[in-house]
$ cat my_file.tsv   # TSV, N, CA and C atoms and all ligand atoms
chain	number	residue	atom	x	y	z
A	1	MET	N	79.28	1.92	41.91
A	1	MET	CA	78.47	2.73	42.82
A	1	MET	C	77.36	3.38	42.00
A	2	LYS	N	76.22	2.70	41.97
A	2	LYS	CA	75.10	3.26	41.20
A	2	LYS	C	73.84	3.42	42.02
A	3	ASN	N	73.77	2.72	43.12
A	3	ASN	CA	72.54	2.75	43.93
A	3	ASN	C	72.76	3.53	45.22
A	4	LEU	N	71.66	4.03	45.76
A	4	LEU	CA	71.75	4.76	47.03
A	4	LEU	C	72.32	3.88	48.13
A	5	ALA	N	72.02	2.58	48.05
A	5	ALA	CA	72.52	1.65	49.06
A	5	ALA	C	74.05	1.54	49.02
A	6	ASP	N	74.65	1.92	47.90
A	6	ASP	CA	76.11	1.86	47.78
A	6	ASP	C	76.80	3.04	48.44
A	7	LEU	N	76.03	4.09	48.75
A	7	LEU	CA	76.64	5.28	49.33
A	7	LEU	C	77.13	4.99	50.73
A	8	ARG	N	78.20	5.66	51.08
A	8	ARG	CA	78.77	5.51	52.42
A	8	ARG	C	79.29	6.86	52.88
A	9	PRO	N	79.56	6.98	54.16
A	9	PRO	CA	80.06	8.27	54.67
A	9	PRO	C	81.41	8.62	54.05
A	10	CYS	N	81.76	9.87	54.20
A	10	CYS	CA	83.06	10.36	53.73
A	10	CYS	C	84.17	9.54	54.40
A	11	ASP	N	85.09	9.06	53.61
A	11	ASP	CA	86.19	8.26	54.17
A	11	ASP	C	87.18	9.11	54.95
A	12	ASN	N	87.13	10.41	54.78
A	12	ASN	CA	88.05	11.27	55.51
A	12	ASN	C	87.50	11.69	56.87
A	13	CYS	N	86.24	12.17	56.90
A	13	CYS	CA	85.68	12.71	58.15
A	13	CYS	C	84.55	11.85	58.72
A	14	ASP	N	84.17	10.82	58.01
A	14	ASP	CA	83.07	9.94	58.41
A	14	ASP	C	81.72	10.65	58.45
A	15	GLY	N	81.65	11.85	57.90
A	15	GLY	CA	80.39	12.59	57.84
A	15	GLY	C	79.60	12.20	56.60
A	16	PRO	N	78.36	12.70	56.52
A	16	PRO	CA	77.56	12.40	55.33
A	16	PRO	C	78.16	13.06	54.08
A	17	VAL	N	77.97	12.44	52.96
A	17	VAL	CA	78.56	12.97	51.73
A	17	VAL	C	77.67	14.00	51.04
A	18	GLY	N	76.40	14.03	51.37
A	18	GLY	CA	75.50	14.98	50.71
A	18	GLY	C	75.12	14.52	49.32
A	19	LEU	N	74.61	15.45	48.54
A	19	LEU	CA	74.13	15.11	47.20
A	19	LEU	C	75.22	15.14	46.13
A	20	GLN	N	76.32	15.80	46.46
A	20	GLN	CA	77.46	15.80	45.53
A	20	GLN	C	78.72	15.53	46.34
A	21	PHE	N	79.53	14.67	45.82
A	21	PHE	CA	80.77	14.33	46.52
A	21	PHE	C	81.78	13.86	45.50
A	22	TYR	N	82.95	13.51	45.98
A	22	TYR	CA	84.02	13.07	45.08
A	22	TYR	C	84.33	11.59	45.32
A	23	LEU	N	84.59	10.91	44.24
A	23	LEU	CA	85.00	9.52	44.29
A	23	LEU	C	86.39	9.44	43.67
A	24	LEU	N	87.35	9.02	44.46
A	24	LEU	CA	88.72	8.91	43.98
A	24	LEU	C	89.08	7.44	43.85
A	25	ARG	N	89.58	7.08	42.70
A	25	ARG	CA	90.04	5.71	42.47
A	25	ARG	C	91.47	5.76	41.98
A	26	TRP	N	92.28	4.92	42.57
A	26	TRP	CA	93.64	4.82	42.08
A	26	TRP	C	94.15	3.41	42.32
A	27	SER	N	95.21	3.08	41.61
A	27	SER	CA	95.78	1.75	41.78
A	27	SER	C	97.26	1.78	41.43
A	28	ILE	N	97.89	0.72	41.79
A	28	ILE	CA	99.30	0.59	41.46
A	28	ILE	C	99.42	0.32	39.95
A	29	VAL	N	100.50	0.79	39.38
A	29	VAL	CA	100.80	0.53	37.98
A	29	VAL	C	102.12	-0.23	37.94
A	30	VAL	N	102.14	-1.30	37.19
A	30	VAL	CA	103.34	-2.14	37.12
A	30	VAL	C	103.88	-2.13	35.69
A	31	VAL	N	105.17	-1.85	35.57
A	31	VAL	CA	105.86	-1.88	34.28
A	31	VAL	C	106.72	-3.14	34.26
A	32	ARG	N	106.56	-3.91	33.22
A	32	ARG	CA	107.34	-5.16	33.13
A	32	ARG	C	108.81	-4.85	32.84
A	33	ARG	N	109.66	-5.37	33.69
A	33	ARG	CA	111.09	-5.15	33.56
A	33	ARG	C	111.60	-5.63	32.20
A	34	GLU	N	111.13	-6.78	31.75
A	34	GLU	CA	111.56	-7.35	30.48
A	34	GLU	C	111.30	-6.36	29.33
A	35	ALA	N	110.16	-5.70	29.38
A	35	ALA	CA	109.81	-4.74	28.33
A	35	ALA	C	110.74	-3.54	28.36
A	36	VAL	N	111.05	-3.06	29.55
A	36	VAL	CA	111.95	-1.91	29.67
A	36	VAL	C	113.34	-2.28	29.15
A	37	GLU	N	113.81	-3.44	29.58
A	37	GLU	CA	115.16	-3.86	29.15
A	37	GLU	C	115.21	-4.05	27.63
A	38	GLN	N	114.17	-4.63	27.07
A	38	GLN	CA	114.15	-4.83	25.63
A	38	GLN	C	114.10	-3.49	24.88
A	39	MET	N	113.30	-2.58	25.40
A	39	MET	CA	113.19	-1.27	24.75
A	39	MET	C	114.52	-0.51	24.85
A	40	MET	N	115.17	-0.61	25.98
A	40	MET	CA	116.47	0.06	26.13
A	40	MET	C	117.49	-0.56	25.17
A	41	GLY	N	117.42	-1.88	25.04
A	41	GLY	CA	118.33	-2.56	24.11
A	41	GLY	C	118.09	-2.14	22.67
A	42	MET	N	116.84	-2.07	22.30
A	42	MET	CA	116.51	-1.66	20.92
A	42	MET	C	116.86	-0.19	20.70
A	43	SER	N	116.68	0.61	21.70
A	43	SER	CA	117.04	2.02	21.59
A	43	SER	C	118.54	2.16	21.36
A	44	GLN	N	119.30	1.36	22.10
A	44	GLN	CA	120.75	1.37	21.92
A	44	GLN	C	121.10	0.90	20.50
A	45	PHE	N	120.40	-0.13	20.03
A	45	PHE	CA	120.62	-0.64	18.68
A	45	PHE	C	120.44	0.46	17.64
A	46	PHE	N	119.45	1.32	17.87
A	46	PHE	CA	119.19	2.43	16.93
A	46	PHE	C	120.02	3.67	17.27
A	47	GLY	N	120.99	3.52	18.15
A	47	GLY	CA	121.87	4.64	18.49
A	47	GLY	C	121.17	5.72	19.29
A	48	HIS	N	120.14	5.37	19.99
A	48	HIS	CA	119.36	6.31	20.82
A	48	HIS	C	118.81	7.50	20.02
A	49	ARG	N	118.65	7.29	18.71
A	49	ARG	CA	118.17	8.39	17.87
A	49	ARG	C	116.78	8.14	17.33
A	50	ALA	N	116.32	6.92	17.40
A	50	ALA	CA	115.01	6.59	16.83
A	50	ALA	C	113.90	7.02	17.80
A	51	PRO	N	112.77	7.45	17.25
A	51	PRO	CA	111.64	7.80	18.12
A	51	PRO	C	111.18	6.56	18.90
A	52	MET	N	110.72	6.77	20.11
A	52	MET	CA	110.32	5.66	20.97
A	52	MET	C	109.22	4.80	20.32
A	53	ALA	N	108.35	5.41	19.54
A	53	ALA	CA	107.28	4.64	18.89
A	53	ALA	C	107.88	3.63	17.92
A	54	LEU	N	108.94	4.02	17.22
A	54	LEU	CA	109.61	3.12	16.28
A	54	LEU	C	110.33	2.00	17.05
A	55	VAL	N	111.03	2.38	18.10
A	55	VAL	CA	111.74	1.40	18.93
A	55	VAL	C	110.75	0.38	19.48
A	56	GLU	N	109.61	0.88	19.89
A	56	GLU	CA	108.59	0.00	20.47
A	56	GLU	C	108.11	-1.03	19.46
A	57	ASN	N	108.02	-0.62	18.20
A	57	ASN	CA	107.59	-1.55	17.14
A	57	ASN	C	108.55	-2.72	16.96
A	58	PHE	N	109.81	-2.51	17.30
A	58	PHE	CA	110.82	-3.56	17.14
A	58	PHE	C	111.05	-4.32	18.44
A	59	SER	N	110.24	-4.09	19.43
A	59	SER	CA	110.39	-4.74	20.73
A	59	SER	C	109.16	-5.60	21.01
A	60	PRO	N	109.26	-6.90	20.74
A	60	PRO	CA	108.09	-7.78	20.90
A	60	PRO	C	107.53	-7.81	22.31
A	61	ALA	N	108.34	-7.56	23.32
A	61	ALA	CA	107.86	-7.65	24.70
A	61	ALA	C	106.99	-6.46	25.09
A	62	MET	N	106.72	-5.56	24.15
A	62	MET	CA	105.98	-4.34	24.48
A	62	MET	C	104.49	-4.59	24.73
A	63	THR	N	103.98	-5.74	24.30
A	63	THR	CA	102.57	-6.02	24.54
A	63	THR	C	102.33	-6.10	26.04
A	64	ASP	N	101.39	-5.32	26.49
A	64	ASP	CA	101.06	-5.27	27.92
A	64	ASP	C	102.27	-4.93	28.79
A	65	ALA	N	103.09	-4.01	28.31
A	65	ALA	CA	104.27	-3.62	29.07
A	65	ALA	C	103.90	-2.88	30.35
A	66	VAL	N	102.78	-2.17	30.31
A	66	VAL	CA	102.34	-1.40	31.48
A	66	VAL	C	100.97	-1.92	31.89
A	67	THR	N	100.85	-2.29	33.14
A	67	THR	CA	99.57	-2.78	33.65
A	67	THR	C	99.05	-1.84	34.72
A	68	VAL	N	97.91	-1.25	34.45
A	68	VAL	CA	97.22	-0.47	35.47
A	68	VAL	C	96.32	-1.47	36.19
A	69	ALA	N	96.64	-1.75	37.43
A	69	ALA	CA	95.99	-2.86	38.14
A	69	ALA	C	94.46	-2.77	38.08
A	70	MET	N	93.92	-1.58	38.25
A	70	MET	CA	92.46	-1.49	38.31
A	70	MET	C	91.80	-1.71	36.95
A	71	ASP	N	92.56	-1.67	35.87
A	71	ASP	CA	92.01	-1.92	34.54
A	71	ASP	C	91.99	-3.41	34.21
A	72	ASP	N	92.67	-4.21	35.01
A	72	ASP	CA	92.76	-5.64	34.77
A	72	ASP	C	91.86	-6.37	35.76
A	73	PRO	N	90.85	-7.10	35.27
A	73	PRO	CA	89.92	-7.76	36.19
A	73	PRO	C	90.62	-8.66	37.22
A	74	MET	N	91.77	-9.22	36.83
A	74	MET	CA	92.48	-10.10	37.75
A	74	MET	C	93.06	-9.34	38.96
A	75	PHE	N	93.39	-8.07	38.76
A	75	PHE	CA	94.03	-7.29	39.82
A	75	PHE	C	93.15	-6.16	40.32
A	76	LYS	N	91.88	-6.21	39.98
A	76	LYS	CA	90.96	-5.11	40.33
A	76	LYS	C	90.92	-4.88	41.85
A	77	ASN	N	91.18	-5.92	42.62
A	77	ASN	CA	91.14	-5.76	44.08
A	77	ASN	C	92.28	-4.88	44.58
A	78	LEU	N	93.23	-4.54	43.73
A	78	LEU	CA	94.31	-3.64	44.13
A	78	LEU	C	93.93	-2.19	43.96
A	79	MET	N	92.76	-1.95	43.40
A	79	MET	CA	92.28	-0.58	43.25
A	79	MET	C	91.83	-0.05	44.61
A	80	ILE	N	92.11	1.20	44.83
A	80	ILE	CA	91.66	1.85	46.06
A	80	ILE	C	90.62	2.88	45.66
A	81	GLU	N	89.53	2.87	46.38
A	81	GLU	CA	88.43	3.79	46.08
A	81	GLU	C	88.02	4.48	47.37
A	82	VAL	N	88.06	5.78	47.35
A	82	VAL	CA	87.63	6.53	48.54
A	82	VAL	C	86.56	7.54	48.15
A	83	VAL	N	85.70	7.82	49.12
A	83	VAL	CA	84.63	8.80	48.95
A	83	VAL	C	85.01	10.01	49.79
A	84	ILE	N	84.97	11.18	49.18
A	84	ILE	CA	85.35	12.41	49.87
A	84	ILE	C	84.19	13.40	49.78
A	85	CYS	N	83.76	13.92	50.91
A	85	CYS	CA	82.67	14.91	50.89
A	85	CYS	C	83.20	16.24	50.35
A	86	HIS	N	82.28	17.10	50.01
A	86	HIS	CA	82.62	18.41	49.45
A	86	HIS	C	83.49	19.23	50.40
A	87	ASP	N	83.15	19.22	51.69
A	87	ASP	CA	83.91	20.00	52.67
A	87	ASP	C	85.36	19.52	52.76
A	88	CYS	N	85.54	18.22	52.85
A	88	CYS	CA	86.90	17.69	52.95
A	88	CYS	C	87.68	17.99	51.67
A	89	HIS	N	87.02	17.87	50.55
A	89	HIS	CA	87.69	18.14	49.28
A	89	HIS	C	88.16	19.58	49.19
A	90	ASN	N	87.33	20.48	49.65
A	90	ASN	CA	87.65	21.90	49.49
A	90	ASN	C	88.43	22.50	50.65
A	91	ASN	N	88.31	21.94	51.83
A	91	ASN	CA	88.86	22.63	53.00
A	91	ASN	C	89.87	21.85	53.81
A	92	THR	N	90.18	20.64	53.43
A	92	THR	CA	91.03	19.81	54.27
A	92	THR	C	92.18	19.24	53.45
A	93	SER	N	93.34	19.17	54.07
A	93	SER	CA	94.39	18.43	53.39
A	93	SER	C	94.10	16.95	53.63
A	94	ILE	N	94.17	16.19	52.58
A	94	ILE	CA	93.77	14.79	52.65
A	94	ILE	C	95.01	13.90	52.60
A	95	ASP	N	95.07	13.00	53.54
A	95	ASP	CA	96.18	12.06	53.64
A	95	ASP	C	95.78	10.78	52.89
A	96	LEU	N	96.15	10.70	51.63
A	96	LEU	CA	95.72	9.56	50.80
A	96	LEU	C	96.18	8.21	51.33
A	97	PRO	N	97.44	8.06	51.79
A	97	PRO	CA	97.83	6.75	52.32
A	97	PRO	C	96.98	6.34	53.53
A	98	ARG	N	96.65	7.29	54.41
A	98	ARG	CA	95.81	6.96	55.57
A	98	ARG	C	94.42	6.55	55.10
A	99	LEU	N	93.88	7.27	54.14
A	99	LEU	CA	92.56	6.90	53.61
A	99	LEU	C	92.59	5.53	52.93
A	100	ALA	N	93.67	5.24	52.25
A	100	ALA	CA	93.79	3.93	51.60
A	100	ALA	C	93.78	2.82	52.64
A	101	GLU	N	94.52	3.03	53.73
A	101	GLU	CA	94.54	2.01	54.80
A	101	GLU	C	93.16	1.85	55.43
A	102	LYS	N	92.52	2.97	55.69
A	102	LYS	CA	91.19	2.95	56.32
A	102	LYS	C	90.19	2.23	55.41
A	103	THR	N	90.23	2.55	54.14
A	103	THR	CA	89.31	1.93	53.18
A	103	THR	C	89.59	0.44	53.05
A	104	HIS	N	90.87	0.11	53.01
A	104	HIS	CA	91.26	-1.30	52.90
A	104	HIS	C	90.75	-2.07	54.13
A	105	ALA	N	90.94	-1.50	55.32
A	105	ALA	CA	90.50	-2.15	56.55
A	105	ALA	C	88.98	-2.32	56.55
A	106	ARG	N	88.28	-1.29	56.09
A	106	ARG	CA	86.82	-1.36	56.04
A	106	ARG	C	86.36	-2.46	55.08
A	107	ARG	N	87.00	-2.50	53.92
A	107	ARG	CA	86.63	-3.52	52.93
A	107	ARG	C	86.93	-4.92	53.44
A	108	HIS	N	88.06	-5.04	54.12
A	108	HIS	CA	88.45	-6.34	54.68
A	108	HIS	C	87.45	-6.78	55.75
A	109	GLN	N	86.97	-5.81	56.54
A	109	GLN	CA	85.98	-6.09	57.58
A	109	GLN	C	84.69	-6.60	56.95
A	110	LEU	N	84.28	-5.99	55.82
A	110	LEU	CA	83.05	-6.39	55.15
A	110	LEU	C	83.17	-7.78	54.54
A	111	ASP	N	84.39	-8.13	54.11
A	111	ASP	CA	84.60	-9.43	53.47
A	111	ASP	C	84.56	-10.59	54.47
A	112	THR	N	84.86	-10.30	55.75
A	112	THR	CA	84.92	-11.39	56.73
A	112	THR	C	83.61	-11.57	57.46
B	201	ZN	ZN	84.47	14.62	54.70
$ encode --input "my_file.tsv" --output "structure tokens"
Amino acid sequence: MKNLADLRPCDNCDGPVGLQFYLLRWSIVVVRREAVEQMMGMSQFFGHRAPMALVENFSPAMTDAVTVAMDDPMFKNLMIEVVICHDCHNNTSIDLPRLAEKTHARRHQLDT
């Protein structure tokens, strides 16, 4: 979002965003089960006394153990991005799941 043409109304109230607004981005984070199991196994091997950083060094499956979907170009479409105007940010309780659905529906509409 760098150009004026990219601006859109507030995803919460559908009102104008004004000159200052909030952009919220979030995504699902996935932890690989294999990495967790290996780390738990190595931790047990060390008698649950070794620092996690040391245990991690002995666990080969630790590479890319945690994936933040929006940081990975392959899963970037799982990122949710909403625009919130100043009024909604300061004065309204915001229902993030509802906004995520609304934003997803809007994006899907634009894609078709
Ligand atoms: Zn608003």
$ atom_distance --input "my_file.tsv" --atom1 "atom C of Thr103 (chain A)" --atom2 "atom C of Pro9 (chain A)"
11.6 Å
$ residues_around --input "my_file.tsv" --residues "Glu81 (chain A)" --least-positions-apart "6" --cutoff "7 Å" --atoms "only N, CA and C atoms" --output "VMD selection string"
chain A and resid 23 to 26 100 103
$ select_by_dssp --input "my_file.tsv" --residues "chain A" --states "helix (DSSP H, G or I)" --output "mmCIF file with N, CA and C atoms, in the coordinates of the input"
data_model
loop_
_atom_site.group_PDB
_atom_site.id
_atom_site.type_symbol
_atom_site.label_atom_id
_atom_site.label_comp_id
_atom_site.auth_asym_id
_atom_site.auth_seq_id
_atom_site.Cartn_x
_atom_site.Cartn_y
_atom_site.Cartn_z
ATOM 1 N N LEU A 4 71.660 4.030 45.760
ATOM 2 C CA LEU A 4 71.750 4.760 47.030
ATOM 3 C C LEU A 4 72.320 3.880 48.130
ATOM 4 N N ALA A 5 72.020 2.580 48.050
ATOM 5 C CA ALA A 5 72.520 1.650 49.060
ATOM 6 C C ALA A 5 74.050 1.540 49.020
ATOM 7 N N ASP A 6 74.650 1.920 47.900
ATOM 8 C CA ASP A 6 76.110 1.860 47.780
ATOM 9 C C ASP A 6 76.800 3.040 48.440
ATOM 10 N N ARG A 33 109.660 -5.370 33.690
ATOM 11 C CA ARG A 33 111.090 -5.150 33.560
ATOM 12 C C ARG A 33 111.600 -5.630 32.200
ATOM 13 N N GLU A 34 111.130 -6.780 31.750
ATOM 14 C CA GLU A 34 111.560 -7.350 30.480
ATOM 15 C C GLU A 34 111.300 -6.360 29.330
ATOM 16 N N ALA A 35 110.160 -5.700 29.380
ATOM 17 C CA ALA A 35 109.810 -4.740 28.330
ATOM 18 C C ALA A 35 110.740 -3.540 28.360
ATOM 19 N N VAL A 36 111.050 -3.060 29.550
ATOM 20 C CA VAL A 36 111.950 -1.910 29.670
ATOM 21 C C VAL A 36 113.340 -2.280 29.150
ATOM 22 N N GLU A 37 113.810 -3.440 29.580
ATOM 23 C CA GLU A 37 115.160 -3.860 29.150
ATOM 24 C C GLU A 37 115.210 -4.050 27.630
ATOM 25 N N GLN A 38 114.170 -4.630 27.070
ATOM 26 C CA GLN A 38 114.150 -4.830 25.630
ATOM 27 C C GLN A 38 114.100 -3.490 24.880
ATOM 28 N N MET A 39 113.300 -2.580 25.400
ATOM 29 C CA MET A 39 113.190 -1.270 24.750
ATOM 30 C C MET A 39 114.520 -0.510 24.850
ATOM 31 N N MET A 40 115.170 -0.610 25.980
ATOM 32 C CA MET A 40 116.470 0.060 26.130
ATOM 33 C C MET A 40 117.490 -0.560 25.170
ATOM 34 N N GLY A 41 117.420 -1.880 25.040
ATOM 35 C CA GLY A 41 118.330 -2.560 24.110
ATOM 36 C C GLY A 41 118.090 -2.140 22.670
ATOM 37 N N MET A 42 116.840 -2.070 22.300
ATOM 38 C CA MET A 42 116.510 -1.660 20.920
ATOM 39 C C MET A 42 116.860 -0.190 20.700
ATOM 40 N N SER A 43 116.680 0.610 21.700
ATOM 41 C CA SER A 43 117.040 2.020 21.590
ATOM 42 C C SER A 43 118.540 2.160 21.360
ATOM 43 N N GLN A 44 119.300 1.360 22.100
ATOM 44 C CA GLN A 44 120.750 1.370 21.920
ATOM 45 C C GLN A 44 121.100 0.900 20.500
ATOM 46 N N PHE A 45 120.400 -0.130 20.030
ATOM 47 C CA PHE A 45 120.620 -0.640 18.680
ATOM 48 C C PHE A 45 120.440 0.460 17.640
ATOM 49 N N MET A 52 110.720 6.770 20.110
ATOM 50 C CA MET A 52 110.320 5.660 20.970
ATOM 51 C C MET A 52 109.220 4.800 20.320
ATOM 52 N N ALA A 53 108.350 5.410 19.540
ATOM 53 C CA ALA A 53 107.280 4.640 18.890
ATOM 54 C C ALA A 53 107.880 3.630 17.920
ATOM 55 N N LEU A 54 108.940 4.020 17.220
ATOM 56 C CA LEU A 54 109.610 3.120 16.280
ATOM 57 C C LEU A 54 110.330 2.000 17.050
ATOM 58 N N VAL A 55 111.030 2.380 18.100
ATOM 59 C CA VAL A 55 111.740 1.400 18.930
ATOM 60 C C VAL A 55 110.750 0.380 19.480
ATOM 61 N N GLU A 56 109.610 0.880 19.890
ATOM 62 C CA GLU A 56 108.590 0.000 20.470
ATOM 63 C C GLU A 56 108.110 -1.030 19.460
ATOM 64 N N ASN A 57 108.020 -0.620 18.200
ATOM 65 C CA ASN A 57 107.590 -1.550 17.140
ATOM 66 C C ASN A 57 108.550 -2.720 16.960
ATOM 67 N N PRO A 60 109.260 -6.900 20.740
ATOM 68 C CA PRO A 60 108.090 -7.780 20.900
ATOM 69 C C PRO A 60 107.530 -7.810 22.310
ATOM 70 N N ALA A 61 108.340 -7.560 23.320
ATOM 71 C CA ALA A 61 107.860 -7.650 24.700
ATOM 72 C C ALA A 61 106.990 -6.460 25.090
ATOM 73 N N MET A 62 106.720 -5.560 24.150
ATOM 74 C CA MET A 62 105.980 -4.340 24.480
ATOM 75 C C MET A 62 104.490 -4.590 24.730
ATOM 76 N N ALA A 69 96.640 -1.750 37.430
ATOM 77 C CA ALA A 69 95.990 -2.860 38.140
ATOM 78 C C ALA A 69 94.460 -2.770 38.080
ATOM 79 N N MET A 70 93.920 -1.580 38.250
ATOM 80 C CA MET A 70 92.460 -1.490 38.310
ATOM 81 C C MET A 70 91.800 -1.710 36.950
ATOM 82 N N ASP A 71 92.560 -1.670 35.870
ATOM 83 C CA ASP A 71 92.010 -1.920 34.540
ATOM 84 C C ASP A 71 91.990 -3.410 34.210
ATOM 85 N N PRO A 73 90.850 -7.100 35.270
ATOM 86 C CA PRO A 73 89.920 -7.760 36.190
ATOM 87 C C PRO A 73 90.620 -8.660 37.220
ATOM 88 N N MET A 74 91.770 -9.220 36.830
ATOM 89 C CA MET A 74 92.480 -10.100 37.750
ATOM 90 C C MET A 74 93.060 -9.340 38.960
ATOM 91 N N PHE A 75 93.390 -8.070 38.760
ATOM 92 C CA PHE A 75 94.030 -7.290 39.820
ATOM 93 C C PHE A 75 93.150 -6.160 40.320
ATOM 94 N N LYS A 76 91.880 -6.210 39.980
ATOM 95 C CA LYS A 76 90.960 -5.110 40.330
ATOM 96 C C LYS A 76 90.920 -4.880 41.850
ATOM 97 N N ASN A 77 91.180 -5.920 42.620
ATOM 98 C CA ASN A 77 91.140 -5.760 44.080
ATOM 99 C C ASN A 77 92.280 -4.880 44.580
ATOM 100 N N LEU A 78 93.230 -4.540 43.730
ATOM 101 C CA LEU A 78 94.310 -3.640 44.130
ATOM 102 C C LEU A 78 93.930 -2.190 43.960
ATOM 103 N N HIS A 86 82.280 17.100 50.010
ATOM 104 C CA HIS A 86 82.620 18.410 49.450
ATOM 105 C C HIS A 86 83.490 19.230 50.400
ATOM 106 N N ASP A 87 83.150 19.220 51.690
ATOM 107 C CA ASP A 87 83.910 20.000 52.670
ATOM 108 C C ASP A 87 85.360 19.520 52.760
ATOM 109 N N CYS A 88 85.540 18.220 52.850
ATOM 110 C CA CYS A 88 86.900 17.690 52.950
ATOM 111 C C CYS A 88 87.680 17.990 51.670
ATOM 112 N N HIS A 89 87.020 17.870 50.550
ATOM 113 C CA HIS A 89 87.690 18.140 49.280
ATOM 114 C C HIS A 89 88.160 19.580 49.190
ATOM 115 N N ASN A 90 87.330 20.480 49.650
ATOM 116 C CA ASN A 90 87.650 21.900 49.490
ATOM 117 C C ASN A 90 88.430 22.500 50.650
ATOM 118 N N ASN A 91 88.310 21.940 51.830
ATOM 119 C CA ASN A 91 88.860 22.630 53.000
ATOM 120 C C ASN A 91 89.870 21.850 53.810
ATOM 121 N N LEU A 96 96.150 10.700 51.630
ATOM 122 C CA LEU A 96 95.720 9.560 50.800
ATOM 123 C C LEU A 96 96.180 8.210 51.330
ATOM 124 N N PRO A 97 97.440 8.060 51.790
ATOM 125 C CA PRO A 97 97.830 6.750 52.320
ATOM 126 C C PRO A 97 96.980 6.340 53.530
ATOM 127 N N ARG A 98 96.650 7.290 54.410
ATOM 128 C CA ARG A 98 95.810 6.960 55.570
ATOM 129 C C ARG A 98 94.420 6.550 55.100
ATOM 130 N N LEU A 99 93.880 7.270 54.140
ATOM 131 C CA LEU A 99 92.560 6.900 53.610
ATOM 132 C C LEU A 99 92.590 5.530 52.930
ATOM 133 N N ALA A 100 93.670 5.240 52.250
ATOM 134 C CA ALA A 100 93.790 3.930 51.600
ATOM 135 C C ALA A 100 93.780 2.820 52.640
ATOM 136 N N GLU A 101 94.520 3.030 53.730
ATOM 137 C CA GLU A 101 94.540 2.010 54.800
ATOM 138 C C GLU A 101 93.160 1.850 55.430
ATOM 139 N N LYS A 102 92.520 2.970 55.690
ATOM 140 C CA LYS A 102 91.190 2.950 56.320
ATOM 141 C C LYS A 102 90.190 2.230 55.410
ATOM 142 N N THR A 103 90.230 2.550 54.140
ATOM 143 C CA THR A 103 89.310 1.930 53.180
ATOM 144 C C THR A 103 89.590 0.440 53.050
ATOM 145 N N HIS A 104 90.870 0.110 53.010
ATOM 146 C CA HIS A 104 91.260 -1.300 52.900
ATOM 147 C C HIS A 104 90.750 -2.070 54.130
ATOM 148 N N ALA A 105 90.940 -1.500 55.320
ATOM 149 C CA ALA A 105 90.500 -2.150 56.550
ATOM 150 C C ALA A 105 88.980 -2.320 56.550
ATOM 151 N N ARG A 106 88.280 -1.290 56.090
ATOM 152 C CA ARG A 106 86.820 -1.360 56.040
ATOM 153 C C ARG A 106 86.360 -2.460 55.080
ATOM 154 N N ARG A 107 87.000 -2.500 53.920
ATOM 155 C CA ARG A 107 86.630 -3.520 52.930
ATOM 156 C C ARG A 107 86.930 -4.920 53.440
ATOM 157 N N HIS A 108 88.060 -5.040 54.120
ATOM 158 C CA HIS A 108 88.450 -6.340 54.680
ATOM 159 C C HIS A 108 87.450 -6.780 55.750
ATOM 160 N N GLN A 109 86.970 -5.810 56.540
ATOM 161 C CA GLN A 109 85.980 -6.090 57.580
ATOM 162 C C GLN A 109 84.690 -6.600 56.950
ATOM 163 N N LEU A 110 84.280 -5.990 55.820
ATOM 164 C CA LEU A 110 83.050 -6.390 55.150
ATOM 165 C C LEU A 110 83.170 -7.780 54.540
ATOM 166 N N ASP A 111 84.390 -8.130 54.110
ATOM 167 C CA ASP A 111 84.600 -9.430 53.470
ATOM 168 C C ASP A 111 84.560 -10.590 54.470
#
$ select_by_dssp --input "my_file.tsv" --residues "chain A" --states "strand (DSSP E or B)" --output "list in words"
Phe21, Tyr22, Leu23, Leu24, Arg25, Trp26, Val29, Val30, Val31, Val66, Thr67, Val68, Ile80, Glu81, Val82, Val83, Ile84 and Cys85 of chain A
$ residues_around --input "my_file.tsv" --residues "Cys85 (chain A)" --least-positions-apart "2" --cutoff "8 Å" --atoms "all atoms listed in the file" --output "PyMOL selection string"
chain A and resi 9-18+20-23+82-83+87-91
$ closest_residue --input "my_file.tsv" --among "A:Ile94, A:Ala35, A:Val30, A:Ala105" --to "ligand ZN 201 (chain B)" --atoms "only C-alpha atoms and all ligand atoms"
A:Ile94
$ atom_distance --input "my_file.tsv" --atom1 "atom N of His104 (chain A)" --atom2 "atom N of Met70 (chain A)"
15.2 Å
$ closest_residue --input "my_file.tsv" --among "A:Leu110, A:Ala53, A:Leu99, A:Ile84" --to "ligand ZN 201 (chain B)" --atoms "only C-alpha atoms and all ligand atoms"
A:Ile84
$ atom_distance --input "my_file.tsv" --atom1 "atom C of Lys2 (chain A)" --atom2 "CA of Val29 (chain A)"
27.4 Å
$ closest_residue --input "my_file.tsv" --among "A:Met62, A:Ala5, A:His86, A:Asn77" --to "ligand ZN 201 (chain B)" --atoms "all atoms listed in the file"
A:His86
$ closest_residue --input "my_file.tsv" --among "A:Gln109, A:Asn3, A:Ser59, A:Ser93" --to "Gln38 (chain A)" --atoms "all atoms listed in the file"
A:Ser59
$ closest_residue --input "my_file.tsv" --among "A:Pro97, A:Phe58, A:Leu78, A:Ser27" --to "Met42 (chain A)" --atoms "all atoms listed in the file"
A:Phe58
$ closest_residue --input "my_file.tsv" --among "A:Arg8, A:Lys76, A:Arg33, A:His48" --to "ligand ZN 201 (chain B)" --atoms "only C-alpha atoms and all ligand atoms"
A:Arg8
